[in-house]
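Inspection log for the structure reproduced underneath, given as structure tokens.
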There are 2 protein chains.
Amino acid sequence: MKENTEVTIYDIAKKLNLATSTISRGLKDHHSISKKTIQKIKKTAEEMGYSPNNLAASLRGNKMKTIGVLIPTVTQPFLSSLISGIEITAQKAGYTVVIMQSHDSYKEEVNLTKSLYNNRVSGVICSLAMETKDTAHFKIFTDNNTPLVFVDRVPKHFETFHVVIDNFSAGYKATKHLIDQGCKRIAHITAGYEYSIFYERKNGYIQALKDHGLPVLEELIVKVDEITYDEAEKVSKKLLNLKNPPDGIFAPGDILGVSALQFAKKRGIKVPEDLAIIGFNNDPISLIIDPSLSTISHPASKMGQASAEIILKYLKASKKNDEIEKQITFLNTEVLARESSNKKQIK
Amino acid sequence: MKENTEVTIYDIAKKLNLATSTISRGLKDHHSISKKTIQKIKKTAEEMGYSPNNLAASLRGNKMKTIGVLIPTVTQPFLSSLISGIEITAQKAGYTVVIMQSHDSYKEEVNLTKSLYNNRVSGVICSLAMETKDTAHFKIFTDNNTPLVFVDRVPKHFETFHVVIDNFSAGYKATKHLIDQGCKRIAHITAGYEYSIFYERKNGYIQALKDHGLPVLEELIVKVDEITYDEAEKVSKKLLNLKNPPDGIFAPGDILGVSALQFAKKRGIKVPEDLAIIGFNNDPISLIIDPSLSTISHPASKMGQASAEIILKYLKASKKNDEIEKQITFLNTEVLARESSNKKQIK
DNA sequence: AAACCAAACGCAACCGATTGTAATATTTAT
DNA sequence: ATAAATATTACAATCGGTTGCGTTTGGTTT
């Protein structure tokens, strides 16, 4: 089709008999260019159909105005909300967001960190893949002064920024909520490996039981290999087939909670009368299911915004050679009490 | 922290006493470099901790290996699945995906097209904002030989690639399904403006009624301003308050369908016995709600993959100066009959 | 009117890799 | 052994802006 249609600052410079440096500065209101000249430059730029080439501009600073986001998948409600929050914040600051999905694979994650680095993104926001235990592949960012924020699924030992909720206390709150409703035998579904967010939620659950004089029973703690409806149904069956079945379930994810709830309904077990259930995340499905699923709020969009803001702040400070201390940002969660755990009122 | 840690091909060249051009070619197995040299180059590159700078590499071709995705929001299940499909396909081909959200605003969409262009993305995939009627802002891509794919929400008149479902026939199928179940007074919820996907679905609905000897009644066609539960509840109320209420509803989106279903339940109207409902999209909520919502499948991930493949194919052909004809790709939909419309079996 | 100063603009190196073409080295053919 | 052919590698321009520093211009001060 058309060739060489591209208008560059050289073209503008030629037309106005000015140096390219003047054009470049004029275009961005540099103080050393007179207002008259600036106006003239902008006008002709407009007329000639000039559009800036971010690629070329970034080459000098060796960084694109881009934030890389590396997450397991975009299709989970929590993660798509996270992205949304990141994107909104980034967009306001003139940054672009690139998305990469690890599909919970360690190997893919390793490759994608390389891609992100090769693309010279300005900063990286990551929620770890399920499989990931070793996080050495992220050193490339911290070694090169690229701000790195871990969000939600964070590594245990990595000196960088973290944006999280307090999973221990959230697990504690969820469990306590069930206890408050009168549950005595509260089961828990867990997932992942040691030090994961699920691990902490489980610890919160255990602590809550202990604090309220309830025994911690191995048979009431079951583990899923994947967060899927099928897996959750399997373990729900296991739990409800117990000769002494639980009267409450704390599921650390709404998919797990919904699945348990559906299975209980199928079995004719009354929720919440015979079995109270609380999930986690406040996914859309938690409000759709009948009875509605009590859950723990998980401020996805806010976490995304907070993460992006940290990146932006870091980059700003970095320009002035300021240092910003690596820190953990905690966001709040709360119990969203709904029908699936509402024992008292019904009595 | 560390400064100038960056290893470039210059550093490798110096170390090996070779020219940068040799390094550049060696790194990508160019045939004119001997195997020995290639090995040597790769080895030292590895040792020196070299990592390619895509930014610099892209400057010459004036294009990043990046696909821009411009959509209303990432949080709708359909759209996050779309992204997922795009990302998977892009990743395999070594392309990166940048996401931008228009939030259904025409103005934002216009700005974001500029951003995408300024970033010199290789191709663009877009699902239009609700507000968008004029699509002149996309000409910048076609004018500059950047492949542009419109997906799902596409403009009526724009010579480029389209990836869609046949909304007319999907609307027809949905309506016919309700007719087949014995519905005589089928209502329809519509949205958006003329020529939108909703417009076509409505036309399919109308045609189905006509073909089966049913009257098209104005009072049974209601319109929402936004696709939200609240809006949908309002119009559902309107419909069910009719002195002669409908016995079926075709909602062109699962949020609308679920909302109608919930409202009917609240009113004590039996679904599907007294009111059959079918939605659209096959969102996760359609399976969670009780009774489960019949719906129309909408192959989001496949549409994403198809869109990305078109971009990749175009770019490949473009290198060889081949032309690819602009075309519309239709993907299939089908009726997913579930409980909310299962009148016959229950009788 | 000489000296001085700030404002406005130009020069040219630079960012890191790519690539057409020229130059040199190595093999093969005669 | 010498010319011809082929395999390797080097040179240098290029992509489009950015930026430190030097130069020019015009006005002020004494």
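Order determines the names: the first chain of the structure tokens is A, the second B, and so forth; residues in each chain are numbered 1 upward, and ligands are numbered 1 upward as they are shown.
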Please report as a Markdown table every residue of range 94-171 of chain B lying within 12 Å of range 208-220 of chain B, along with the nearest atom pair and their distance in Å (one decimal), using only C-alpha atoms.
| residue | atom | partner | partner_atom | distance |
| --- | --- | --- | --- | --- |
| B:Phe168 | CA | B:Ala208 | CA | 9.9 |
| B:Ser169 | CA | B:Ala208 | CA | 9.2 |
| B:Ala170 | CA | B:Ala208 | CA | 10.5 |
| B:Gly171 | CA | B:Ala208 | CA | 8.3 |
Produce a file of the selected residues containing all heavy atoms, as a compact mmCIF listing (two decimals), in the first residue's frame.
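The file below, selection.txt, is the result:
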# COMPACT_ATOMS: atom_id res chain seq x y z
N PHE B 168 -27.83 -12.91 14.10
CA PHE B 168 -29.20 -13.08 13.62
C PHE B 168 -29.64 -14.52 13.82
O PHE B 168 -30.67 -14.81 14.45
CB PHE B 168 -29.29 -12.69 12.14
CG PHE B 168 -30.65 -12.91 11.55
CD1 PHE B 168 -31.63 -11.92 11.62
CD2 PHE B 168 -30.97 -14.12 10.94
CE1 PHE B 168 -32.89 -12.13 11.08
CE2 PHE B 168 -32.23 -14.34 10.40
CZ PHE B 168 -33.19 -13.34 10.47
N SER B 169 -28.83 -15.42 13.34
CA SER B 169 -29.25 -16.82 13.42
C SER B 169 -29.21 -17.32 14.86
O SER B 169 -30.01 -18.16 15.25
CB SER B 169 -28.38 -17.67 12.49
OG SER B 169 -27.38 -18.34 13.19
N ALA B 170 -28.30 -16.76 15.67
CA ALA B 170 -28.29 -17.16 17.08
C ALA B 170 -29.57 -16.70 17.76
O ALA B 170 -30.18 -17.44 18.55
CB ALA B 170 -27.07 -16.57 17.78
N GLY B 171 -29.98 -15.48 17.45
CA GLY B 171 -31.23 -14.97 18.01
C GLY B 171 -32.41 -15.81 17.54
O GLY B 171 -33.35 -16.10 18.29
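Using only C-alpha atoms (C1' of nucleotides), the contacts of Pro272 in chain A at a cut-off of 7 Å, with sequence neighbours closer than 3 positions omitted, comprise Leu275, Ala276, Ile277, Ser340, Ser341, Asn342 and Lys343 of chain A.
CA of Ile255 in chain B is found 11.4 Å from CA of Ile189 in chain B.
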Counting only C-alpha atoms (C1' of nucleotides), which residues in chain C sit no more than 7 Å from chain A? For each one, give the nearest pair of atoms and the distance in Å, sorted by chain then residue number, as JSON lines.
{"residue": "C:DA8", "atom": "C1'", "partner": "A:Ile33", "partner_atom": "CA", "distance": 5.9}
{"residue": "C:DC9", "atom": "C1'", "partner": "A:Thr22", "partner_atom": "CA", "distance": 6.6}
{"residue": "C:DG10", "atom": "C1'", "partner": "A:Ala19", "partner_atom": "CA", "distance": 6.0}
{"residue": "C:DC15", "atom": "C1'", "partner": "A:Arg60", "partner_atom": "CA", "distance": 4.1}
The selected residues should be written to file as a tab-separated table (two decimals), in the first residue's frame (atoms: C-alpha atoms (C1' of nucleotides)).
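As a result, selection.tsv now contains:
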chain	number	residue	atom	x	y	z
C	8	DA	C1'	16.29	30.34	22.35
C	9	DC	C1'	17.95	27.17	19.38
C	10	DG	C1'	21.47	23.95	16.87
C	15	DC	C1'	20.23	4.16	22.50
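The shell of residues at most 6 Å from Asn282 in chain B, with only C-alpha atoms (C1' of nucleotides) counted and near chain neighbours (fewer than 2 positions) removed, consists of Phe280, Thr295 and Ser297 of chain B.
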Selected residues, all heavy atoms, written as a PDB file, in the first residue's frame, please.
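Wrote it out as result_37.pdb, contents follow:
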ATOM      1  N   PHE B 280     -27.742 -15.826  26.891  1.00  0.00           N
ATOM      2  CA  PHE B 280     -26.798 -15.762  25.778  1.00  0.00           C
ATOM      3  C   PHE B 280     -25.402 -15.597  26.360  1.00  0.00           C
ATOM      4  O   PHE B 280     -25.193 -14.766  27.243  1.00  0.00           O
ATOM      5  CB  PHE B 280     -27.118 -14.540  24.897  1.00  0.00           C
ATOM      6  CG  PHE B 280     -26.682 -14.697  23.464  1.00  0.00           C
ATOM      7  CD1 PHE B 280     -27.630 -14.825  22.452  1.00  0.00           C
ATOM      8  CD2 PHE B 280     -25.343 -14.716  23.118  1.00  0.00           C
ATOM      9  CE1 PHE B 280     -27.250 -14.964  21.119  1.00  0.00           C
ATOM     10  CE2 PHE B 280     -24.949 -14.858  21.795  1.00  0.00           C
ATOM     11  CZ  PHE B 280     -25.904 -14.986  20.784  1.00  0.00           C
ATOM     12  N   THR B 295     -28.952 -21.319  27.407  1.00  0.00           N
ATOM     13  CA  THR B 295     -28.225 -20.174  26.848  1.00  0.00           C
ATOM     14  C   THR B 295     -27.685 -20.514  25.469  1.00  0.00           C
ATOM     15  O   THR B 295     -27.904 -21.623  24.964  1.00  0.00           O
ATOM     16  CB  THR B 295     -27.089 -19.758  27.813  1.00  0.00           C
ATOM     17  OG1 THR B 295     -26.545 -18.511  27.408  1.00  0.00           O
ATOM     18  CG2 THR B 295     -25.987 -20.789  27.853  1.00  0.00           C
ATOM     19  N   SER B 297     -24.230 -20.750  23.288  1.00  0.00           N
ATOM     20  CA  SER B 297     -22.773 -20.778  23.441  1.00  0.00           C
ATOM     21  C   SER B 297     -22.141 -19.657  22.628  1.00  0.00           C
ATOM     22  O   SER B 297     -22.633 -19.283  21.571  1.00  0.00           O
ATOM     23  CB  SER B 297     -22.226 -22.117  22.970  1.00  0.00           C
ATOM     24  OG  SER B 297     -22.419 -22.254  21.582  1.00  0.00           O
TER      25      SER B 297
END
(request) Select all residues from chain D having any atom no more than 10 Å from an atom of chain B (counting only C-alpha atoms (C1' of nucleotides), ignoring ligands), output as an NGL selection string. (result) :D and (7-11 or 14-16)
Can those selected residues be exported to a file as a tab-separated table (two decimals), in the first residue's frame so that it contains N, CA and C atoms (P, O5', C5', C4', C3', O3' and C1' of nucleotides)?
chain	number	residue	atom	x	y	z
D	7	DA	P	28.56	-22.12	-0.22
D	7	DA	O5'	29.39	-21.84	1.11
D	7	DA	C5'	30.65	-22.50	1.29
D	7	DA	C4'	31.45	-21.73	2.31
D	7	DA	C3'	30.66	-21.28	3.55
D	7	DA	O3'	31.47	-21.53	4.69
D	7	DA	C1'	31.71	-19.42	2.55
D	8	DT	P	30.81	-21.54	6.18
D	8	DT	O5'	31.64	-20.41	6.91
D	8	DT	C5'	31.65	-19.16	6.29
D	8	DT	C4'	32.72	-18.29	6.89
D	8	DT	C3'	32.21	-17.54	8.11
D	8	DT	O3'	33.28	-17.35	9.05
D	8	DT	C1'	32.61	-16.04	6.29
D	9	DT	P	32.91	-16.81	10.52
D	9	DT	O5'	33.08	-15.26	10.29
D	9	DT	C5'	34.38	-14.74	9.98
D	9	DT	C4'	34.29	-13.30	9.54
D	9	DT	C3'	33.67	-12.35	10.55
D	9	DT	O3'	34.65	-11.38	10.90
D	9	DT	C1'	32.91	-11.90	8.36
D	10	DA	P	34.34	-10.20	11.95
D	10	DA	O5'	34.38	-8.94	10.99
D	10	DA	C5'	35.47	-8.79	10.08
D	10	DA	C4'	35.35	-7.49	9.32
D	10	DA	C3'	34.96	-6.28	10.17
D	10	DA	O3'	35.69	-5.15	9.70
D	10	DA	C1'	33.30	-6.64	8.49
D	11	DC	P	35.63	-3.76	10.49
D	11	DC	O5'	34.88	-2.77	9.49
D	11	DC	C5'	34.77	-3.15	8.13
D	11	DC	C4'	34.03	-2.09	7.33
D	11	DC	C3'	33.70	-0.79	8.04
D	11	DC	O3'	33.82	0.27	7.13
D	11	DC	C1'	31.69	-1.88	7.39
D	14	DT	P	21.79	6.33	5.48
D	14	DT	O5'	20.81	5.53	6.43
D	14	DT	C5'	20.41	4.21	6.08
D	14	DT	C4'	19.52	3.65	7.17
D	14	DT	C3'	18.67	4.70	7.89
D	14	DT	O3'	17.30	4.40	7.68
D	14	DT	C1'	19.71	3.23	9.43
D	15	DC	P	16.22	5.58	7.83
D	15	DC	O5'	15.24	5.02	8.96
D	15	DC	C5'	14.88	3.64	9.02
D	15	DC	C4'	14.47	3.32	10.44
D	15	DC	C3'	13.96	4.54	11.20
D	15	DC	O3'	12.55	4.56	11.16
D	15	DC	C1'	15.47	3.21	12.52
D	16	DG	P	11.85	5.95	10.72
D	16	DG	O5'	11.78	6.77	12.08
D	16	DG	C5'	10.98	6.26	13.14
D	16	DG	C4'	11.27	7.05	14.39
D	16	DG	C3'	11.12	8.57	14.25
D	16	DG	O3'	10.40	9.03	15.37
D	16	DG	C1'	13.21	8.06	15.17
(request) Report the residues of range 155-255 of chain A whose backbone DSSP state falls under strand (DSSP E), written as a PyMOL selection string. (result) chain A and resi 161-165+186-191+221-224+248-250
(request) Find the residues of chain A in contact range of chain B, meaning any atom within 6 Å when counting only C-alpha atoms, and list them as JSON, numbers by chain. (result) {"A": [52, 53, 54, 74, 75, 80, 81, 97, 98, 99, 118, 119, 285, 288, 289]}
Would you save the residues from that selection as a PDB file, in the first residue's frame, using N, CA and C atoms?
ATOM      1  N   PRO A  52       3.753  10.597  17.332  1.00  0.00           N
ATOM      2  CA  PRO A  52       5.003  10.221  17.990  1.00  0.00           C
ATOM      3  C   PRO A  52       5.266   8.731  17.914  1.00  0.00           C
ATOM      4  N   ASN A  53       6.509   8.382  17.922  1.00  0.00           N
ATOM      5  CA  ASN A  53       6.906   6.984  17.860  1.00  0.00           C
ATOM      6  C   ASN A  53       7.498   6.585  19.213  1.00  0.00           C
ATOM      7  N   ASN A  54       6.650   6.009  20.026  1.00  0.00           N
ATOM      8  CA  ASN A  54       7.088   5.645  21.379  1.00  0.00           C
ATOM      9  C   ASN A  54       8.270   4.680  21.364  1.00  0.00           C
ATOM     10  N   VAL A  74      -6.184 -15.055  32.908  1.00  0.00           N
ATOM     11  CA  VAL A  74      -6.995 -13.841  32.982  1.00  0.00           C
ATOM     12  C   VAL A  74      -8.465 -14.148  33.232  1.00  0.00           C
ATOM     13  N   THR A  75      -8.832 -15.413  33.165  1.00  0.00           N
ATOM     14  CA  THR A  75     -10.256 -15.714  33.207  1.00  0.00           C
ATOM     15  C   THR A  75     -10.846 -15.876  34.603  1.00  0.00           C
ATOM     16  N   SER A  80      -9.105 -11.059  36.649  1.00  0.00           N
ATOM     17  CA  SER A  80      -9.493 -10.075  35.641  1.00  0.00           C
ATOM     18  C   SER A  80      -9.805  -8.737  36.308  1.00  0.00           C
ATOM     19  N   SER A  81     -10.310  -8.772  37.521  1.00  0.00           N
ATOM     20  CA  SER A  81     -10.518  -7.515  38.241  1.00  0.00           C
ATOM     21  C   SER A  81      -9.186  -6.875  38.600  1.00  0.00           C
ATOM     22  N   VAL A  97      -0.281  -1.643  29.384  1.00  0.00           N
ATOM     23  CA  VAL A  97      -0.218  -2.872  30.171  1.00  0.00           C
ATOM     24  C   VAL A  97      -0.064  -4.087  29.267  1.00  0.00           C
ATOM     25  N   VAL A  98       0.954  -4.867  29.486  1.00  0.00           N
ATOM     26  CA  VAL A  98       1.028  -6.114  28.732  1.00  0.00           C
ATOM     27  C   VAL A  98       0.741  -7.284  29.662  1.00  0.00           C
ATOM     28  N   ILE A  99      -0.044  -8.209  29.136  1.00  0.00           N
ATOM     29  CA  ILE A  99      -0.522  -9.339  29.919  1.00  0.00           C
ATOM     30  C   ILE A  99       0.151 -10.625  29.481  1.00  0.00           C
ATOM     31  N   ASN A 118      13.058  -8.798  28.125  1.00  0.00           N
ATOM     32  CA  ASN A 118      13.525  -8.471  26.780  1.00  0.00           C
ATOM     33  C   ASN A 118      12.736  -7.322  26.169  1.00  0.00           C
ATOM     34  N   ASN A 119      11.494  -7.208  26.575  1.00  0.00           N
ATOM     35  CA  ASN A 119      10.681  -6.110  26.072  1.00  0.00           C
ATOM     36  C   ASN A 119      10.943  -4.823  26.833  1.00  0.00           C
ATOM     37  N   ILE A 285     -20.332 -15.609  41.081  1.00  0.00           N
ATOM     38  CA  ILE A 285     -21.157 -16.788  41.312  1.00  0.00           C
ATOM     39  C   ILE A 285     -21.644 -16.884  42.753  1.00  0.00           C
ATOM     40  N   ILE A 288     -24.961 -15.452  42.931  1.00  0.00           N
ATOM     41  CA  ILE A 288     -25.966 -16.033  42.042  1.00  0.00           C
ATOM     42  C   ILE A 288     -26.516 -17.330  42.607  1.00  0.00           C
ATOM     43  N   ILE A 289     -25.663 -18.062  43.254  1.00  0.00           N
ATOM     44  CA  ILE A 289     -26.108 -19.356  43.752  1.00  0.00           C
ATOM     45  C   ILE A 289     -27.169 -19.173  44.832  1.00  0.00           C
TER      46      ILE A 289
END
(request) Mind the document's chain letters and residue numbers, and return as a PyMOL selection string the residues of range 125-241 of chain A that DSSP labels alpha helix (DSSP H). (result) chain A and resi 139-143+167-180+197-211+229-240
(request) Do a neighbour search on DT29 in chain D at 10 Å with only C-alpha atoms (C1' of nucleotides), toss out local chain neighbours closer than 4 positions, and write the hits as a ChimeraX atom specification. (result) /C:3-5
What's the 12 Å shell around DA3 in chain D, counting only C-alpha atoms (C1' of nucleotides), without same-chain residues fewer than 4 positions away, as a short mmCIF file (atom, residue, chain, number, x, y, z; two decimals) with N, CA, C and O atoms (P, O5', C5', C4', C3', O3' and C1' of nucleotides), in the first residue's frame?
data_model
loop_
_atom_site.label_atom_id
_atom_site.label_comp_id
_atom_site.auth_asym_id
_atom_site.auth_seq_id
_atom_site.Cartn_x
_atom_site.Cartn_y
_atom_site.Cartn_z
P DT C 28 36.03 -28.33 -0.62
"O5'" DT C 28 35.91 -27.95 -2.16
"C5'" DT C 28 34.81 -27.14 -2.59
"C4'" DT C 28 34.97 -26.84 -4.08
"C3'" DT C 28 35.32 -28.06 -4.94
"O3'" DT C 28 34.42 -28.13 -6.05
"C1'" DT C 28 36.81 -26.25 -5.39
P DA C 29 34.55 -29.25 -7.17
"O5'" DA C 29 35.10 -28.41 -8.39
"C5'" DA C 29 34.46 -27.17 -8.74
"C4'" DA C 29 35.19 -26.53 -9.91
"C3'" DA C 29 35.51 -27.48 -11.06
"O3'" DA C 29 35.30 -26.79 -12.30
"C1'" DA C 29 37.54 -26.56 -10.24
P DT C 30 35.45 -27.58 -13.67
"O5'" DT C 30 36.87 -27.08 -14.19
"C5'" DT C 30 37.13 -25.68 -14.29
"C4'" DT C 30 38.54 -25.47 -14.80
"C3'" DT C 30 38.96 -26.42 -15.92
"O3'" DT C 30 39.70 -25.71 -16.93
"C1'" DT C 30 40.53 -26.53 -14.17
#
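Pairwise distance (CA of Glu200 in chain A, CA of Leu178 in chain A) equals 17.9 Å.
Across the structure, CA of Glu131 in chain A and CA of Thr190 in chain A are spaced 15.4 Å apart.
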